[in-house]
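Visitor: My structure file final.pdb, PDB, C-alpha atoms, pLDDT in the B column, is below:
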ATOM      1  CA  MET A   1      42.360 -20.473 -17.332  1.00 52.00           C
ATOM      2  CA  GLN A   2      42.802 -18.862 -13.929  1.00 52.00           C
ATOM      3  CA  LYS A   3      42.233 -15.433 -15.472  1.00 51.00           C
ATOM      4  CA  THR A   4      39.025 -16.671 -17.140  1.00 48.00           C
ATOM      5  CA  ILE A   5      37.718 -18.012 -13.836  1.00 46.00           C
ATOM      6  CA  SER A   6      38.600 -14.724 -12.151  1.00 50.00           C
ATOM      7  CA  ASN A   7      36.721 -12.767 -14.818  1.00 49.00           C
ATOM      8  CA  LEU A   8      33.701 -15.046 -14.452  1.00 44.00           C
ATOM      9  CA  CYS A   9      33.725 -14.456 -10.691  1.00 45.00           C
ATOM     10  CA  VAL A  10      33.784 -10.692 -11.244  1.00 41.00           C
ATOM     11  CA  VAL A  11      30.890 -10.883 -13.727  1.00 40.00           C
ATOM     12  CA  THR A  12      28.899 -13.098 -11.355  1.00 43.00           C
ATOM     13  CA  CYS A  13      29.441 -10.679  -8.466  1.00 42.00           C
ATOM     14  CA  VAL A  14      28.337  -7.743 -10.615  1.00 38.00           C
ATOM     15  CA  VAL A  15      25.178  -9.587 -11.721  1.00 39.00           C
ATOM     16  CA  VAL A  16      24.302 -10.589  -8.146  1.00 37.00           C
ATOM     17  CA  PHE A  17      24.945  -7.047  -6.907  1.00 37.00           C
ATOM     18  CA  THR A  18      22.749  -5.593  -9.670  1.00 39.00           C
ATOM     19  CA  VAL A  19      19.923  -8.040  -8.945  1.00 37.00           C
ATOM     20  CA  ASN A  20      20.104  -7.184  -5.226  1.00 40.00           C
ATOM     21  CA  ILE A  21      20.001  -3.455  -5.976  1.00 36.00           C
ATOM     22  CA  LEU A  22      16.985  -3.880  -8.266  1.00 37.00           C
ATOM     23  CA  ALA A  23      15.230  -5.966  -5.615  1.00 38.00           C
ATOM     24  CA  LEU A  24      15.962  -3.308  -3.005  1.00 36.00           C
ATOM     25  CA  GLN A  25      14.621  -0.576  -5.294  1.00 40.00           C
ATOM     26  CA  THR A  26      11.448  -2.599  -5.866  1.00 42.00           C
ATOM     27  CA  THR A  27      10.817  -3.200  -2.179  1.00 44.00           C
ATOM     28  CA  ALA A  28      11.747   0.319  -1.062  1.00 47.00           C
ATOM     29  CA  THR A  29       9.293   2.253  -3.201  1.00 76.00           C
ATOM     30  CA  PHE A  30       6.676   2.715  -0.459  1.00 82.00           C
ATOM     31  CA  LYS A  31       6.158   5.205   2.287  1.00 93.00           C
ATOM     32  CA  ALA A  32       2.925   6.198   3.952  1.00 95.00           C
ATOM     33  CA  ASP A  33       2.689   9.366   1.851  1.00 95.00           C
ATOM     34  CA  ARG A  34       4.325   8.376  -1.455  1.00 96.00           C
ATOM     35  CA  TRP A  35       5.153   5.728  -4.012  1.00 96.00           C
ATOM     36  CA  ARG A  36       7.979   5.681  -6.554  1.00 95.00           C
ATOM     37  CA  GLY A  37       8.762   9.318  -5.809  1.00 95.00           C
ATOM     38  CA  LEU A  38       5.150  10.489  -6.304  1.00 97.00           C
ATOM     39  CA  LEU A  39       3.966  12.415  -3.218  1.00 97.00           C
ATOM     40  CA  LEU A  40       0.438  12.820  -1.914  1.00 98.00           C
ATOM     41  CA  ASP A  41      -0.887  16.395  -2.167  1.00 98.00           C
ATOM     42  CA  GLN A  42       2.051  17.430  -4.353  1.00 98.00           C
ATOM     43  CA  SER A  43       2.598  15.295  -7.476  1.00 98.00           C
ATOM     44  CA  SER A  44       0.607  16.061 -10.631  1.00 98.00           C
ATOM     45  CA  PRO A  45      -0.683  13.718 -13.362  1.00 98.00           C
ATOM     46  CA  GLU A  46       2.034  15.033 -15.661  1.00 98.00           C
ATOM     47  CA  GLU A  47       4.709  14.085 -13.130  1.00 98.00           C
ATOM     48  CA  ALA A  48       3.210  10.613 -12.793  1.00 98.00           C
ATOM     49  CA  ILE A  49       3.216  10.098 -16.558  1.00 98.00           C
ATOM     50  CA  LYS A  50       6.798  11.325 -16.763  1.00 97.00           C
ATOM     51  CA  ALA A  51       7.833   8.847 -14.069  1.00 96.00           C
ATOM     52  CA  LEU A  52       5.766   5.849 -15.179  1.00 96.00           C
ATOM     53  CA  GLY A  53       4.988   6.403 -18.835  1.00 97.00           C
ATOM     54  CA  GLN A  54       1.574   6.488 -20.479  1.00 98.00           C
ATOM     55  CA  PRO A  55      -1.126   4.761 -18.414  1.00 98.00           C
ATOM     56  CA  ALA A  56      -3.291   1.905 -19.652  1.00 98.00           C
ATOM     57  CA  GLU A  57      -6.300   4.098 -18.848  1.00 98.00           C
ATOM     58  CA  ASP A  58      -6.836   7.814 -18.215  1.00 98.00           C
ATOM     59  CA  LYS A  59     -10.347   8.798 -17.129  1.00 98.00           C
ATOM     60  CA  THR A  60     -12.471  11.053 -14.933  1.00 98.00           C
ATOM     61  CA  ASP A  61     -14.560   9.303 -12.289  1.00 97.00           C
ATOM     62  CA  ARG A  62     -15.543   9.119  -8.619  1.00 97.00           C
ATOM     63  CA  LEU A  63     -13.431   7.275  -6.074  1.00 96.00           C
ATOM     64  CA  HIS A  64     -14.193   3.691  -5.115  1.00 95.00           C
ATOM     65  CA  ILE A  65     -12.581   3.276  -1.699  1.00 96.00           C
ATOM     66  CA  ARG A  66     -13.281   0.398   0.667  1.00 95.00           C
ATOM     67  CA  ASN A  67     -12.933   0.582   4.436  1.00 96.00           C
ATOM     68  CA  LEU A  68     -11.562   4.155   4.658  1.00 96.00           C
ATOM     69  CA  ASP A  69     -14.570   5.651   2.849  1.00 95.00           C
ATOM     70  CA  LYS A  70     -16.300   6.151   6.227  1.00 94.00           C
ATOM     71  CA  TRP A  71     -13.743   8.805   7.128  1.00 96.00           C
ATOM     72  CA  LEU A  72     -13.877  10.731   3.861  1.00 96.00           C
ATOM     73  CA  SER A  73     -15.999  13.664   2.780  1.00 94.00           C
ATOM     74  CA  PRO A  74     -18.866  13.325   0.251  1.00 94.00           C
ATOM     75  CA  ARG A  75     -16.446  14.767  -2.280  1.00 92.00           C
ATOM     76  CA  GLN A  76     -15.289  11.206  -2.991  1.00 95.00           C
ATOM     77  CA  GLU A  77     -18.641  10.536  -4.696  1.00 94.00           C
ATOM     78  CA  GLN A  78     -18.173  13.290  -7.265  1.00 95.00           C
ATOM     79  CA  LYS A  79     -17.016  12.314 -10.734  1.00 96.00           C
ATOM     80  CA  ALA A  80     -14.311  14.937 -10.611  1.00 95.00           C
ATOM     81  CA  PHE A  81     -11.139  12.918 -10.081  1.00 98.00           C
ATOM     82  CA  ARG A  82      -8.596  12.269 -12.792  1.00 98.00           C
ATOM     83  CA  ILE A  83      -7.636   8.615 -12.586  1.00 98.00           C
ATOM     84  CA  LEU A  84      -4.551   7.047 -14.161  1.00 98.00           C
ATOM     85  CA  ILE A  85      -4.393   3.247 -14.247  1.00 98.00           C
ATOM     86  CA  TYR A  86      -1.176   1.268 -14.765  1.00 98.00           C
ATOM     87  CA  LYS A  87      -0.917  -2.487 -15.250  1.00 97.00           C
ATOM     88  CA  THR A  88       1.788  -4.753 -13.816  1.00 95.00           C
ATOM     89  CA  VAL A  89       4.062  -2.429 -11.848  1.00 94.00           C
ATOM     90  CA  ASP A  90       6.464  -4.027  -9.344  1.00 90.00           C
ATOM     91  CA  GLU A  91       4.459  -6.849  -7.693  1.00 91.00           C
ATOM     92  CA  ALA A  92       1.117  -5.120  -8.314  1.00 96.00           C
ATOM     93  CA  LYS A  93      -1.103  -6.288 -11.143  1.00 96.00           C
ATOM     94  CA  LYS A  94      -2.748  -2.841 -11.173  1.00 97.00           C
ATOM     95  CA  VAL A  95      -1.913   0.566  -9.736  1.00 98.00           C
ATOM     96  CA  GLU A  96      -4.440   3.416  -9.732  1.00 98.00           C
ATOM     97  CA  LEU A  97      -3.408   7.026  -9.154  1.00 98.00           C
ATOM     98  CA  ASP A  98      -6.199   9.480  -8.290  1.00 98.00           C
ATOM     99  CA  PHE A  99      -5.847  13.243  -8.606  1.00 98.00           C
ATOM    100  CA  ALA A 100      -7.980  16.132  -7.316  1.00 97.00           C
ATOM    101  CA  ASP A 101      -7.223  19.700  -8.369  1.00 96.00           C
ATOM    102  CA  ASN A 102      -4.173  18.353 -10.217  1.00 97.00           C
ATOM    103  CA  LYS A 103      -2.656  16.841  -7.029  1.00 98.00           C
ATOM    104  CA  LEU A 104      -2.250  13.184  -6.092  1.00 98.00           C
ATOM    105  CA  VAL A 105      -4.727  12.217  -3.351  1.00 98.00           C
ATOM    106  CA  ARG A 106      -4.831   8.431  -3.495  1.00 98.00           C
ATOM    107  CA  ILE A 107      -2.681   5.476  -4.579  1.00 98.00           C
ATOM    108  CA  HIS A 108      -4.441   2.129  -4.976  1.00 98.00           C
ATOM    109  CA  PHE A 109      -2.755  -1.257  -5.530  1.00 98.00           C
ATOM    110  CA  ASP A 110      -4.224  -4.623  -6.585  1.00 98.00           C
ATOM    111  CA  TYR A 111      -2.158  -7.768  -6.006  1.00 97.00           C
ATOM    112  CA  ASP A 112      -2.395 -11.403  -6.972  1.00 95.00           C
ATOM    113  CA  ASP A 113      -2.496 -13.784  -4.016  1.00 90.00           C
ATOM    114  CA  GLN A 114       0.897 -14.414  -2.368  1.00 88.00           C
ATOM    115  CA  LYS A 115       2.640 -11.577  -4.239  1.00 92.00           C
ATOM    116  CA  PHE A 116       2.845  -9.332  -1.149  1.00 95.00           C
ATOM    117  CA  LEU A 117       2.925 -11.034   2.247  1.00 94.00           C
ATOM    118  CA  ALA A 118       1.092  -9.135   4.982  1.00 94.00           C
ATOM    119  CA  LYS A 119       3.972  -9.589   7.444  1.00 93.00           C
ATOM    120  CA  GLU A 120       6.165  -7.516   5.081  1.00 95.00           C
ATOM    121  CA  LEU A 121       3.766  -4.550   4.996  1.00 95.00           C
ATOM    122  CA  SER A 122       4.909  -2.674   8.108  1.00 95.00           C
ATOM    123  CA  PRO A 123       8.683  -2.903   7.499  1.00 94.00           C
ATOM    124  CA  ARG A 124       8.289  -1.966   3.840  1.00 94.00           C
ATOM    125  CA  ILE A 125       6.125   1.094   4.402  1.00 94.00           C
ATOM    126  CA  GLY A 126       7.783   2.037   7.672  1.00 93.00           C
ATOM    127  CA  THR A 127       4.673   2.492   9.829  1.00 95.00           C
ATOM    128  CA  ASP A 128       2.804   0.481  12.453  1.00 96.00           C
ATOM    129  CA  PHE A 129      -0.553  -1.109  11.666  1.00 96.00           C
ATOM    130  CA  VAL A 130      -3.657  -2.093  13.598  1.00 95.00           C
ATOM    131  CA  LEU A 131      -5.777  -5.115  12.708  1.00 94.00           C
ATOM    132  CA  VAL A 132      -9.419  -4.268  11.941  1.00 94.00           C
ATOM    133  CA  GLU A 133     -11.396  -7.428  11.248  1.00 90.00           C
ATOM    134  CA  ARG A 134     -14.351  -6.180   9.186  1.00 90.00           C
ATOM    135  CA  GLY A 135     -13.208  -2.654   8.451  1.00 93.00           C
ATOM    136  CA  VAL A 136     -13.301   0.498  10.540  1.00 96.00           C
ATOM    137  CA  PRO A 137     -16.703   1.060  12.201  1.00 95.00           C
ATOM    138  CA  ALA A 138     -19.017   3.695  10.749  1.00 93.00           C
ATOM    139  CA  ASN A 139     -18.928   5.630  14.029  1.00 94.00           C
ATOM    140  CA  SER A 140     -15.127   5.564  14.294  1.00 95.00           C
ATOM    141  CA  SER A 141     -12.664   8.380  13.642  1.00 94.00           C
ATOM    142  CA  PRO A 142      -9.026   8.471  12.487  1.00 95.00           C
ATOM    143  CA  ALA A 143      -7.998   9.711  15.940  1.00 94.00           C
ATOM    144  CA  MET A 144      -8.975   6.321  17.380  1.00 95.00           C
ATOM    145  CA  TYR A 145      -6.224   4.640  15.341  1.00 95.00           C
ATOM    146  CA  GLU A 146      -3.542   7.298  15.112  1.00 93.00           C
ATOM    147  CA  GLY A 147      -0.314   6.152  16.748  1.00 88.00           C
ATOM    148  CA  GLN A 148      -1.765   2.707  17.493  1.00 91.00           C
ATOM    149  CA  LYS A 149       0.264  -0.477  17.090  1.00 91.00           C
ATOM    150  CA  GLU A 150      -0.932  -4.062  16.946  1.00 89.00           C
ATOM    151  CA  ALA A 151       0.357  -6.211  19.813  1.00 82.00           C
ATOM    152  CA  ILE A 152       2.625  -8.913  18.358  1.00 76.00           C
ATOM    153  CA  VAL A 153       1.458 -11.940  20.344  1.00 73.00           C
ATOM    154  CA  PRO A 154      -0.010 -15.316  19.329  1.00 68.00           C
ATOM    155  CA  LYS A 155      -3.645 -14.785  18.448  1.00 81.00           C
ATOM    156  CA  ILE A 156      -6.495 -16.144  16.396  1.00 83.00           C
ATOM    157  CA  TYR A 157      -6.510 -14.295  13.098  1.00 87.00           C
ATOM    158  CA  PRO A 158      -9.605 -14.049  10.910  1.00 90.00           C
ATOM    159  CA  THR A 159      -9.341 -15.492   7.411  1.00 90.00           C
ATOM    160  CA  PHE A 160      -9.835 -12.014   5.947  1.00 94.00           C
ATOM    161  CA  TYR A 161      -8.961  -8.767   7.690  1.00 95.00           C
ATOM    162  CA  TYR A 162      -7.788  -5.182   7.237  1.00 97.00           C
ATOM    163  CA  LEU A 163      -4.563  -3.611   8.426  1.00 96.00           C
ATOM    164  CA  VAL A 164      -4.892   0.136   9.038  1.00 97.00           C
ATOM    165  CA  SER A 165      -2.321   2.841   9.703  1.00 97.00           C
ATOM    166  CA  VAL A 166      -3.220   6.477  10.436  1.00 97.00           C
ATOM    167  CA  GLN A 167      -0.467   9.027   9.830  1.00 95.00           C
ATOM    168  CA  HIS A 168      -0.320  12.846   9.942  1.00 93.00           C
ATOM    169  CA  GLN A 169      -0.854  13.187   6.210  1.00 94.00           C
ATOM    170  CA  SER A 170      -2.396   9.921   5.132  1.00 96.00           C
ATOM    171  CA  PHE A 171      -4.300   6.729   5.835  1.00 97.00           C
ATOM    172  CA  VAL A 172      -3.056   3.326   4.720  1.00 97.00           C
ATOM    173  CA  SER A 173      -5.457   0.403   4.471  1.00 98.00           C
ATOM    174  CA  ALA A 174      -4.553  -3.113   3.305  1.00 98.00           C
ATOM    175  CA  TYR A 175      -7.005  -5.983   2.788  1.00 97.00           C
ATOM    176  CA  VAL A 176      -5.445  -9.317   3.706  1.00 96.00           C
ATOM    177  CA  ALA A 177      -6.504 -12.850   2.742  1.00 92.00           C
ATOM    178  CA  GLY A 178      -5.368 -15.826   4.791  1.00 81.00           C
ATOM    179  CA  LYS A 179      -3.694 -18.748   3.084  1.00 73.00           C
ATOM    180  CA  GLY A 180      -3.923 -22.505   3.301  1.00 67.00           C
ATOM    181  CA  LYS A 181      -5.685 -23.592   6.478  1.00 65.00           C
ATOM    182  CA  ALA A 182      -6.537 -20.063   7.659  1.00 61.00           C
ATOM    183  CA  ALA A 183     -10.295 -20.715   7.617  1.00 59.00           C
ATOM    184  CA  LEU A 184      -9.930 -23.920   9.653  1.00 56.00           C
ATOM    185  CA  LYS A 185      -7.708 -22.151  12.174  1.00 65.00           C
ATOM    186  CA  GLU A 186     -10.362 -19.473  12.575  1.00 64.00           C
ATOM    187  CA  ILE A 187     -13.190 -22.015  12.961  1.00 59.00           C
ATOM    188  CA  PHE A 188     -11.335 -24.143  15.513  1.00 49.00           C
ATOM    189  CA  ARG A 189      -9.846 -21.118  17.310  1.00 66.00           C
ATOM    190  CA  VAL A 190      -6.214 -22.043  16.680  1.00 69.00           C
ATOM    191  CA  SER A 191      -3.706 -19.323  17.521  1.00 72.00           C
ATOM    192  CA  THR A 192      -1.222 -18.255  14.869  1.00 77.00           C
ATOM    193  CA  ILE A 193       2.272 -17.780  16.254  1.00 74.00           C
ATOM    194  CA  GLU A 194       3.552 -15.759  13.308  1.00 81.00           C
ATOM    195  CA  PRO A 195       1.919 -12.292  13.179  1.00 84.00           C
ATOM    196  CA  PHE A 196      -0.040 -11.059  10.177  1.00 90.00           C
ATOM    197  CA  PRO A 197      -0.550 -14.282   8.229  1.00 90.00           C
ATOM    198  CA  GLY A 198      -1.776 -14.165   4.644  1.00 92.00           C
ATOM    199  CA  SER A 199      -1.116 -11.791   1.779  1.00 95.00           C
ATOM    200  CA  VAL A 200      -2.279  -8.343   0.744  1.00 97.00           C
ATOM    201  CA  LEU A 201      -4.929  -8.362  -2.005  1.00 97.00           C
ATOM    202  CA  PHE A 202      -5.372  -4.607  -2.280  1.00 97.00           C
ATOM    203  CA  MET A 203      -4.054  -1.519  -0.549  1.00 98.00           C
ATOM    204  CA  ASP A 204      -4.902   2.187  -0.432  1.00 98.00           C
ATOM    205  CA  ILE A 205      -2.707   5.129   0.513  1.00 98.00           C
ATOM    206  CA  VAL A 206      -5.125   8.046   0.895  1.00 98.00           C
ATOM    207  CA  SER A 207      -4.487  11.721   1.600  1.00 98.00           C
ATOM    208  CA  ARG A 208      -6.170  13.216   4.648  1.00 96.00           C
ATOM    209  CA  SER A 209      -7.096  16.159   2.436  1.00 96.00           C
ATOM    210  CA  LEU A 210     -10.080  13.982   1.446  1.00 96.00           C
ATOM    211  CA  THR A 211     -11.433  13.870   5.002  1.00 92.00           C
ATOM    212  CA  VAL A 212     -14.373  15.939   6.170  1.00 76.00           C
ATOM    213  CA  ASP A 213     -12.120  18.649   7.594  1.00 73.00           C
ATOM    214  CA  GLY A 214      -9.729  18.331   4.646  1.00 68.00           C
ATOM    215  CA  THR A 215      -6.584  18.743   6.714  1.00 63.00           C
ATOM    216  CA  SER A 216      -3.203  17.121   6.236  1.00 56.00           C
ATOM    217  CA  LYS A 217       0.350  18.074   6.954  1.00 50.00           C
ATOM    218  CA  PRO A 218       2.684  18.718   4.018  1.00 46.00           C
ATOM    219  CA  ALA A 219       4.734  15.807   2.761  1.00 46.00           C
ATOM    220  CA  GLY A 220       8.469  15.857   3.325  1.00 45.00           C
ATOM    221  CA  HIS A 221      11.119  15.687   0.669  1.00 40.00           C
ATOM    222  CA  ASP A 222      13.460  13.093   2.172  1.00 40.00           C
TER     223      ASP A 222
END
Can you give me the file's structure in the form of C-alpha cells?
Guide:
Amino acid sequence: MQKTISNLCVVTCVVVFTVNILALQTTATFKADRWRGLLLDQSSPEEAIKALGQPAEDKTDRLHIRNLDKWLSPRQEQKAFRILIYKTVDEAKKVELDFADNKLVRIHFDYDDQKFLAKELSPRIGTDFVLVERGVPANSSPAMYEGQKEAIVPKIYPTFYYLVSVQHQSFVSAYVAGKGKAALKEIFRVSTIEPFPGSVLFMDIVSRSLTVDGTSKPAGHD
C-alpha cells in the first residue's frame, strides 16, 4: 500500500512537472524579433512549414497592418507577400506569417478576449511598451518611441488603446480592449491602479526592413 502511494506521488510529480514545462514553453515563445524559433529577416516559408506544419491558408497578397502602417514604405501595398495562416496556435486563434523575398517580415496574432492579458505582454516579450491611445500619429517616427517606457503609475486608461515597442530590428504593436467597467472608468475619469488593464485582441511583430529606409539590424541567435 505504501509503495503504491509512493508510486502515485512520483507519477503526480512527473505530470505536474510536465504541465509546468509545457506552460513555460507556451508562454516563452515570444521575443521582439521572433516567435517559436522563427526569426524576422531570416526564416523562410519552408522553415515555418517545417516548424508548424501545413498552414490553413497559403496565399499571395498585400499586407494589412494597423497602427504601424504609417511608418512603413508603400511596398506594403503591393500584392507580393507570401502569407501563411495558421489557426489555433498557443492562445492565438489565428497566426499570420508574412514573407518578402522568401524572408519573414511580419508575425500577426489574433486573440479571443481574455486569452492574453495586456499586463503580461511586456514580461513575456521582454521589452518595454508605450501606451498610444488612438495609434501612432501620421507625422510620428519610430525614433520618437525607441527606448521609451510607460510610467507605471495610477492613471485613467482608455477603453481601447495600443501598446507600442520600437526595437533595433522590429516594431511590436498590440491592440488592447478594456474589460468589465473599463468604459465607465474612462467616462468618470477613474484611475486604474493596476497598469495595462484589459486583454490583447491582436498583435503585430514587424521587421524594420519594411520601413521607408528599409534598415534593420540582424537578429541574434540566442
Visitor: Quick check on the file I pasted: which residues fall under the PyMOL selection byres ((chain A and resi 131-139) around 12)? Write them as a count of residues only.
Guide: 47
Visitor: One decimal, in Å: what's the spacing between CA of Val153 (chain A) and CA of His168 (chain A)?
Guide: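 Between these atoms lies a distance of 26.9 Å.
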Visitor: Taking all atoms listed in the file into account, which of A:Val212, A:Gly198, A:Val206, A:Tyr86 comes nearest Ser170 (chain A)?
Guide: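 Closest to Ser170 (chain A), using all atoms listed in the file: A:Val206.
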Visitor: As lines of an AutoDock Vina configuration file, what would the box around region 121-139 of chain A look like: edges along x, y and z, 3 Å added on every side, centre and edge lengths in Å to one decimal?
Guide:
center_x = -5.2
center_y = -0.9
center_z = 8.9
size_x = 33.7
size_y = 19.1
size_z = 16.2
Visitor: Tell me, in Å to one decimal, how far CA of Asp101 (chain A) is from CA of Leu201 (chain A).
Guide: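 Distance between the two atoms: 28.9 Å.
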Visitor: Of the candidates A:Lys87, A:Arg62, A:Arg82, A:Arg208, which one gets nearest to Ser44 (chain A) if we count all atoms listed in the file?
Guide: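 Among the listed residues, A:Arg82 lies closest to Ser44 (chain A).
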Visitor: Kindly give the distance, in Å, that separates CA of Asp113 (chain A) and CA of Ser199 (chain A), rounded to a single decimal.
Guide: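 Atom-to-atom, CA of Asp113 (chain A) and CA of Ser199 (chain A) are spaced 6.3 Å apart.
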